[in-house]
>>> print(open('input_9.csv').read())   # CSV, C-alpha atoms
chain,number,residue,atom,x,y,z
A,1,MET,CA,0.0,0.0,0.0
A,2,ARG,CA,1.4,3.4,-0.9
A,3,ARG,CA,1.9,5.6,2.1
A,4,LYS,CA,0.4,9.1,2.1
A,5,ILE,CA,3.6,10.9,3.1
A,6,PRO,CA,4.9,14.2,1.6
A,7,SER,CA,8.4,14.3,0.2
A,8,LEU,CA,11.2,14.5,2.7
A,9,GLN,CA,12.6,17.6,1.0
A,10,ALA,CA,9.3,19.4,1.5
A,11,LEU,CA,9.2,18.4,5.1
A,12,ALA,CA,12.8,19.5,5.7
A,13,CYS,CA,12.0,22.9,4.1
A,14,PHE,CA,8.9,23.2,6.2
A,15,ASP,CA,10.7,22.3,9.4
A,16,ALA,CA,13.4,24.8,8.8
A,17,ALA,CA,11.0,27.6,7.8
A,18,ALA,CA,8.8,26.8,10.9
A,19,ARG,CA,11.7,27.1,13.3
A,20,HIS,CA,12.9,30.4,11.8
A,21,GLU,CA,9.5,31.7,10.5
A,22,SER,CA,11.5,32.8,7.5
A,23,TYR,CA,11.9,31.3,4.1
A,24,THR,CA,15.2,33.2,3.7
A,25,ARG,CA,16.8,31.8,6.8
A,26,ALA,CA,15.5,28.4,6.0
A,27,ALA,CA,17.1,28.6,2.6
A,28,GLN,CA,20.4,29.6,4.2
A,29,GLU,CA,20.3,26.7,6.6
A,30,LEU,CA,19.5,24.2,3.8
A,31,ALA,CA,21.8,25.7,1.2
A,32,LEU,CA,18.9,26.3,-1.1
A,33,THR,CA,17.4,29.4,-2.8
A,34,GLN,CA,14.5,31.1,-1.2
A,35,GLY,CA,12.4,30.3,-4.3
A,36,ALA,CA,13.2,26.6,-3.9
A,37,VAL,CA,12.0,26.6,-0.2
A,38,SER,CA,8.9,28.5,-1.2
A,39,ARG,CA,8.1,26.0,-4.0
A,40,GLN,CA,8.6,23.1,-1.6
A,41,ILE,CA,6.3,24.5,1.0
A,42,THR,CA,3.6,25.5,-1.6
A,43,ALA,CA,3.7,21.9,-2.8
A,44,LEU,CA,3.4,20.6,0.7
A,45,GLU,CA,0.4,22.9,1.4
A,46,ALA,CA,-1.2,21.6,-1.8
A,47,PHE,CA,-0.5,18.0,-0.8
A,48,LEU,CA,-2.1,18.6,2.7
A,49,GLY,CA,-4.8,20.9,1.6
A,50,VAL,CA,-4.0,23.2,4.5
A,51,ALA,CA,-2.3,26.6,4.7
A,52,LEU,CA,0.8,26.2,6.9
A,53,PHE,CA,2.0,29.8,6.8
A,54,ARG,CA,0.5,33.2,6.4
A,55,ARG,CA,2.2,36.3,5.0
A,56,THR,CA,3.1,39.1,7.4
A,57,ARG,CA,4.8,42.5,7.0
A,58,HIS,CA,8.1,40.9,8.2
A,59,GLY,CA,7.9,37.6,6.3
A,60,VAL,CA,5.8,34.6,7.2
A,61,ALA,CA,4.2,33.2,10.4
A,62,LEU,CA,2.8,29.7,11.1
A,63,THR,CA,-0.9,29.3,11.0
A,64,GLU,CA,-2.5,27.4,13.9
A,65,ARG,CA,-2.6,24.2,11.8
A,66,GLY,CA,1.0,24.8,10.7
A,67,ALA,CA,2.2,25.2,14.3
A,68,ASP,CA,0.5,21.9,15.2
A,69,TYR,CA,2.0,20.1,12.2
A,70,ALA,CA,5.5,21.6,13.0
A,71,LEU,CA,5.4,20.1,16.5
A,72,GLN,CA,4.7,16.6,15.0
A,73,VAL,CA,7.2,16.8,12.1
A,74,ALA,CA,10.3,18.1,14.0
A,75,PRO,CA,10.8,15.1,16.4
A,76,ARG,CA,10.1,12.6,13.5
A,77,LEU,CA,12.8,14.2,11.3
A,78,GLN,CA,15.2,14.1,14.3
A,79,GLY,CA,14.4,10.5,14.8
A,80,LEU,CA,14.9,9.7,11.2
A,81,GLU,CA,18.2,11.5,11.3
A,82,ARG,CA,19.3,9.5,14.3
A,83,ASP,CA,18.3,6.2,12.7
A,84,THR,CA,20.2,7.2,9.6
A,85,LEU,CA,23.4,8.1,11.6
A,86,ASP,CA,23.0,4.8,13.5
A,87,VAL,CA,22.9,2.8,10.2
A,88,MET,CA,25.9,4.7,8.9
A,89,SER,CA,27.9,4.1,12.1
A,90,PRO,CA,30.2,1.0,12.1
A,91,GLN,CA,28.6,-0.5,15.1
A,92,GLY,CA,25.0,0.1,14.0
A,93,ARG,CA,22.0,0.4,16.2
A,94,SER,CA,22.9,-2.6,18.3
A,95,GLY,CA,26.0,-0.8,19.6
A,96,SER,CA,24.4,2.5,20.5
A,97,LEU,CA,22.0,3.7,23.2
A,98,HIS,CA,19.9,6.9,23.0
A,99,LEU,CA,19.6,8.3,26.5
A,100,ALA,CA,17.3,11.1,27.9
A,101,ALA,CA,18.8,12.6,31.0
A,102,VAL,CA,18.3,15.4,33.5
A,103,PRO,CA,21.0,17.9,32.3
A,104,THR,CA,23.2,18.6,35.4
A,105,PHE,CA,23.3,14.9,36.4
A,106,ALA,CA,24.4,14.0,32.9
A,107,THR,CA,27.0,16.7,32.8
A,108,ARG,CA,28.3,16.5,36.4
A,109,TRP,CA,27.9,12.8,37.3
A,110,LEU,CA,27.5,10.6,34.2
A,111,ILE,CA,29.8,12.1,31.6
A,112,PRO,CA,32.9,12.1,33.8
A,113,ARG,CA,32.4,8.3,34.3
A,114,LEU,CA,31.7,7.4,30.7
A,115,PRO,CA,35.5,6.7,30.1
A,116,LEU,CA,35.0,3.8,32.5
A,117,LEU,CA,32.2,2.5,30.3
A,118,ALA,CA,34.2,3.0,27.1
A,119,ALA,CA,37.1,1.0,28.6
A,120,GLN,CA,34.8,-1.9,29.3
A,121,HIS,CA,32.6,-1.7,26.3
A,122,PRO,CA,34.4,0.2,23.5
A,123,ASP,CA,31.8,-0.8,20.9
A,124,LEU,CA,28.9,0.9,22.8
A,125,THR,CA,28.1,4.5,21.9
A,126,ILE,CA,26.0,6.6,24.2
A,127,HIS,CA,23.9,9.5,22.7
A,128,ILE,CA,22.6,11.9,25.3
A,129,GLU,CA,19.8,14.5,25.1
A,130,THR,CA,18.3,16.4,28.0
A,131,SER,CA,14.9,15.7,29.3
A,132,THR,CA,13.4,16.4,32.8
A,133,ARG,CA,9.9,15.1,32.5
A,134,PRO,CA,8.4,11.6,31.8
A,135,PHE,CA,7.5,10.9,28.2
A,136,MET,CA,6.1,8.0,26.1
A,137,PHE,CA,9.0,5.9,24.9
A,138,ALA,CA,7.0,4.8,22.0
A,139,ASP,CA,6.8,8.3,20.7
A,140,THR,CA,10.6,8.9,20.9
A,141,ALA,CA,13.9,7.3,19.8
A,142,PHE,CA,15.0,7.0,23.4
A,143,ASP,CA,16.1,3.7,24.8
A,144,ALA,CA,16.4,4.8,28.4
A,145,ALA,CA,16.2,7.8,30.7
A,146,LEU,CA,18.0,9.0,33.8
A,147,TYR,CA,15.3,10.7,35.8
A,148,ALA,CA,15.3,12.6,39.1
A,149,GLY,CA,12.2,12.3,41.3
A,150,THR,CA,10.4,10.4,44.0
A,151,VAL,CA,9.2,6.8,44.1
A,152,GLU,CA,5.6,8.0,43.6
A,153,GLN,CA,6.6,10.1,40.6
A,154,VAL,CA,8.5,7.2,39.0
A,155,SER,CA,5.7,4.7,39.7
A,156,ARG,CA,3.3,6.9,37.6
A,157,TRP,CA,5.5,6.7,34.5
A,158,ALA,CA,3.4,4.2,32.6
A,159,GLY,CA,4.8,1.3,30.7
A,160,THR,CA,8.3,1.5,32.2
A,161,ARG,CA,10.5,-0.2,34.8
A,162,ALA,CA,12.7,1.9,37.0
A,163,VAL,CA,15.9,1.1,39.0
A,164,ARG,CA,17.0,3.3,41.8
A,165,LEU,CA,20.5,4.5,41.3
A,166,LEU,CA,21.5,7.1,43.9
A,167,ALA,CA,19.8,9.0,46.7
A,168,GLU,CA,19.8,12.7,46.4
A,169,LYS,CA,21.4,14.4,49.4
A,170,VAL,CA,20.8,18.2,49.1
A,171,VAL,CA,23.1,20.4,51.2
A,172,PRO,CA,23.6,24.1,51.6
A,173,VAL,CA,26.9,25.2,50.0
A,174,CYS,CA,28.8,28.4,49.4
A,175,SER,CA,32.1,29.9,48.6
A,176,PRO,CA,34.8,29.5,51.3
A,177,ALA,CA,35.0,33.3,51.3
A,178,LEU,CA,31.5,33.6,52.6
A,179,LEU,CA,32.3,31.6,55.7
A,180,GLY,CA,35.2,33.9,56.7
A,181,THR,CA,37.0,32.4,59.7
A,182,GLN,CA,34.2,30.0,60.5
A,183,THR,CA,34.1,26.4,59.4
A,184,THR,CA,30.3,26.1,59.3
A,185,LEU,CA,27.2,28.3,59.7
A,186,THR,CA,24.1,27.8,61.8
A,187,PRO,CA,20.8,27.7,60.1
A,188,GLN,CA,20.0,31.0,61.8
A,189,ALA,CA,23.1,32.6,60.3
A,190,ILE,CA,22.3,31.2,56.9
A,191,ALA,CA,18.8,32.8,57.1
A,192,GLN,CA,20.5,36.2,57.2
A,193,LEU,CA,22.6,35.7,54.1
A,194,PRO,CA,21.8,35.9,50.4
A,195,LEU,CA,20.0,32.8,49.2
A,196,LEU,CA,20.3,31.4,45.7
A,197,GLN,CA,17.0,29.9,44.4
A,198,GLN,CA,16.5,26.9,42.1
A,199,SER,CA,13.6,27.7,39.8
A,200,THR,CA,12.8,24.0,39.4
A,201,ARG,CA,12.5,23.7,43.2
A,202,PRO,CA,11.2,27.0,44.4
A,203,GLU,CA,10.3,25.8,47.9
A,204,GLY,CA,13.6,24.3,48.6
A,205,TRP,CA,15.0,26.9,51.1
A,206,ARG,CA,11.7,27.3,52.9
A,207,GLN,CA,11.4,23.5,53.3
A,208,TRP,CA,15.0,23.4,54.7
A,209,PHE,CA,14.3,26.1,57.2
A,210,ASP,CA,10.9,24.7,58.2
A,211,ALA,CA,12.5,21.3,58.8
A,212,LEU,CA,14.9,22.9,61.3
A,213,GLY,CA,12.3,25.1,62.9
A,214,VAL,CA,14.1,28.3,61.9
A,215,SER,CA,12.3,31.5,61.0
A,216,ALA,CA,13.5,32.7,57.6
A,217,PRO,CA,11.4,35.6,56.1
A,218,GLN,CA,13.7,35.7,53.1
A,219,ALA,CA,13.5,32.0,52.3
A,220,LEU,CA,11.9,32.7,48.9
A,221,SER,CA,14.0,35.7,48.0
A,222,GLY,CA,17.1,35.8,45.9
A,223,PRO,CA,18.1,35.3,42.2
A,224,ARG,CA,16.7,32.2,40.5
A,225,TYR,CA,18.6,29.8,38.3
A,226,GLU,CA,17.1,27.0,36.1
A,227,LEU,CA,19.9,24.4,36.4
A,228,PHE,CA,21.9,23.2,39.4
A,229,SER,CA,25.1,23.8,37.5
A,230,MET,CA,24.1,27.5,37.3
A,231,THR,CA,23.2,27.7,41.0
A,232,ALA,CA,26.5,26.0,41.9
A,233,ALA,CA,28.5,28.4,39.8
A,234,ALA,CA,26.8,31.4,41.3
A,235,ALA,CA,27.5,30.0,44.8
A,236,ALA,CA,31.2,29.4,43.9
A,237,HIS,CA,31.5,33.0,42.8
A,238,GLY,CA,30.3,34.3,46.1
A,239,LEU,CA,26.8,35.4,45.2
A,240,GLY,CA,25.1,33.5,48.1
A,241,LEU,CA,24.3,30.1,49.4
A,242,ALA,CA,22.8,27.3,47.3
A,243,LEU,CA,20.9,24.1,48.1
A,244,VAL,CA,22.5,21.6,45.7
A,245,PRO,CA,22.7,17.8,45.5
A,246,ARG,CA,26.1,16.9,46.9
A,247,LEU,CA,26.8,14.3,44.1
A,248,LEU,CA,26.6,17.1,41.5
A,249,ILE,CA,29.3,19.3,43.0
A,250,GLU,CA,32.0,16.7,43.8
A,251,THR,CA,34.5,18.6,41.7
A,252,GLU,CA,33.9,21.9,43.3
A,253,LEU,CA,34.1,20.4,46.8
A,254,ALA,CA,37.3,18.6,46.0
A,255,ARG,CA,38.9,21.8,44.6
A,256,GLY,CA,37.7,23.9,47.5
A,257,GLU,CA,35.6,26.1,45.3
A,258,LEU,CA,32.6,25.2,47.3
A,259,VAL,CA,32.2,24.1,50.9
A,260,VAL,CA,29.2,22.7,52.8
A,261,ALA,CA,28.0,25.5,55.0
A,262,CYS,CA,25.9,23.3,57.3
A,263,GLN,CA,25.7,19.5,57.5
A,264,GLN,CA,21.9,19.5,57.8
A,265,PRO,CA,20.6,18.1,54.5
A,266,LEU,CA,17.2,19.1,52.9
A,267,PRO,CA,14.7,16.3,53.9
A,268,SER,CA,13.9,14.7,50.6
A,269,GLU,CA,12.7,11.4,49.2
A,270,ARG,CA,14.1,12.2,45.7
A,271,ALA,CA,16.6,9.9,44.0
A,272,TYR,CA,18.1,9.3,40.6
A,273,TYR,CA,16.6,6.4,38.6
A,274,LEU,CA,17.3,4.6,35.4
A,275,VAL,CA,14.0,4.3,33.5
A,276,THR,CA,13.5,1.9,30.6
A,277,PRO,CA,10.5,0.7,28.6
A,278,GLU,CA,8.9,-2.4,30.0
A,279,ARG,CA,9.4,-4.9,27.2
A,280,ALA,CA,10.4,-8.5,26.9
A,281,ASP,CA,12.9,-8.0,24.1
A,282,GLU,CA,15.2,-5.5,25.7
A,283,ARG,CA,18.0,-4.3,23.5
A,284,PRO,CA,21.5,-5.6,24.6
A,285,ALA,CA,22.8,-2.0,24.8
A,286,VAL,CA,20.3,-1.2,27.5
A,287,THR,CA,21.2,-4.3,29.5
A,288,VAL,CA,24.9,-3.5,29.2
A,289,PHE,CA,24.3,0.1,30.3
A,290,ARG,CA,22.1,-0.9,33.3
A,291,ASP,CA,24.7,-3.5,34.5
A,292,TRP,CA,27.5,-0.9,34.2
A,293,LEU,CA,25.5,1.6,36.2
A,294,GLY,CA,25.1,-1.1,38.8
A,295,GLN,CA,28.9,-1.5,39.0
A,296,VAL,CA,29.5,2.2,39.2
A,297,THR,CA,26.9,2.9,41.9
A,298,GLY,CA,27.2,-0.3,43.8
A,299,LEU,CA,23.5,0.0,44.6
A,300,LEU,CA,21.8,-2.1,41.9
A,301,LYS,CA,20.8,-5.7,42.7
A,302,GLY,CA,20.9,-8.2,39.9
>>> encode(input="input_9.csv", output="structure tokens")
Amino acid sequence: MRRKIPSLQALACFDAAARHESYTRAAQELALTQGAVSRQITALEAFLGVALFRRTRHGVALTERGADYALQVAPRLQGLERDTLDVMSPQGRSGSLHLAAVPTFATRWLIPRLPLLAAQHPDLTIHIETSTRPFMFADTAFDAALYAGTVEQVSRWAGTRAVRLLAEKVVPVCSPALLGTQTTLTPQAIAQLPLLQQSTRPEGWRQWFDALGVSAPQALSGPRYELFSMTAAAAAHGLGLALVPRLLIETELARGELVVACQQPLPSERAYYLVTPERADERPAVTVFRDWLGQVTGLLKG
């Protein structure tokens, strides 16, 4: 049966034009003329029977249907590109693993340990993209995910199995200069200092002070940062105190760029998990990666 699919060239032109909302910039990206891009999109609109763009004074803008279509097309083109690169790779798909991971954990904990994996399994290639929320594996090219959350959150991720890797111990840290001559600070003293906020966990400082029974009117005040790596960098540069998972700042602690200001951790049930699709025919690359994580963390059973 003949599939009702537009030409790949037309979809590539549409994807580029949708991202830039400009035929000119799409043409530059694809090394085509503006006229060629325009003709491809016109042909695609005729094929679909739907207007994807509307003209504006400054160029083009996506229609509502066009915006919806762009959201569907982009990940499928990315997946096709990944599959093509896998086939072109000497080891092929069987020797590669596509991993979704929370960004700072991937940068600070996983990547520094990947040379150990490469030494044991030189034919295995790990491709990493960032993702912080659960998703449907069937709708993506991902084979596994490194996820941070609670047992309850992980249990709600339908169609998956999860293995707990590491507990998350969040501690208050700062630049040594902020401590002065002191080795640690009391929670009461910390309440009087600038606090760096994590935008993904806006209640963190308030929860920490509440758990210790300390009044902190400024618990929600201070600059906000999206990633733990940003918050840690701000703390290392003396901008204030940060609540950061200790395992993400091993390097800064070892170098003395950051110090633990108070040994009281933030009460938390969060941990890092390896999440994989629940399927009988698991790819060998996934099994190898899970077993290796078990060796590295020393926490996985079987």
>>> residues_near_point(input="input_9.csv", point="(12.3, 20.2, -1.7)", cutoff="6 Å", atoms="all atoms listed in the file", output="number ranges by chain")
A: 9-10, 40
>>> write_last_selection(input="input_9.csv", atoms="C-alpha atoms", output="PDB file, in the coordinates of the input")
ATOM      1  CA  GLN A   9      12.600  17.600   1.000  1.00  0.00           C
ATOM      2  CA  ALA A  10       9.300  19.400   1.500  1.00  0.00           C
ATOM      3  CA  GLN A  40       8.600  23.100  -1.600  1.00  0.00           C
TER       4      GLN A  40
END
>>> atom_distance(input="input_9.csv", atom1="atom CA of Glu203 of chain A", atom2="atom CA of Ala148 of chain A")
16.6 Å
>>> residues_around(input="input_9.csv", residues="Gly238 of chain A", least_positions_apart="4", cutoff="12 Å", atoms="only C-alpha atoms", output="compact mmCIF listing (two decimals) with C-alpha atoms, keeping the file's coordinate frame")
# COMPACT_ATOMS: atom_id res chain seq x y z
CA VAL A 173 26.90 25.20 50.00
CA CYS A 174 28.80 28.40 49.40
CA SER A 175 32.10 29.90 48.60
CA PRO A 176 34.80 29.50 51.30
CA ALA A 177 35.00 33.30 51.30
CA LEU A 178 31.50 33.60 52.60
CA LEU A 179 32.30 31.60 55.70
CA GLY A 180 35.20 33.90 56.70
CA LEU A 193 22.60 35.70 54.10
CA PRO A 194 21.80 35.90 50.40
CA LEU A 195 20.00 32.80 49.20
CA LEU A 196 20.30 31.40 45.70
CA THR A 231 23.20 27.70 41.00
CA ALA A 232 26.50 26.00 41.90
CA ALA A 233 28.50 28.40 39.80
CA ALA A 234 26.80 31.40 41.30
CA ALA A 242 22.80 27.30 47.30
CA GLU A 257 35.60 26.10 45.30
CA LEU A 258 32.60 25.20 47.30
CA VAL A 259 32.20 24.10 50.90
>>> residues_around(input="input_9.csv", residues="segment 51-62 of chain A", least_positions_apart="4", cutoff="8 Å", atoms="all atoms listed in the file", output="PyMOL selection string")
chain A and resi 18+21-23+45+66-67
>>> closest_residue(input="input_9.csv", among="A:Ala141, A:Val286, A:Ala26, A:Leu166", to="Leu110 of chain A", atoms="all atoms listed in the file")
A:Leu166
>>> residues_around(input="input_9.csv", residues="segment 265-282 of chain A", least_positions_apart="2", cutoff="9 Å", atoms="only C-alpha atoms", output="PyMOL selection string")
chain A and resi 105+136-138+142-151+154+157-172+204-205+207-209+211+243+262-263+284-287+290+293
>>> closest_residue(input="input_9.csv", among="A:Gln34, A:Gln72, A:Gln197, A:Ser7", to="Leu239 of chain A", atoms="all atoms listed in the file")
A:Gln197
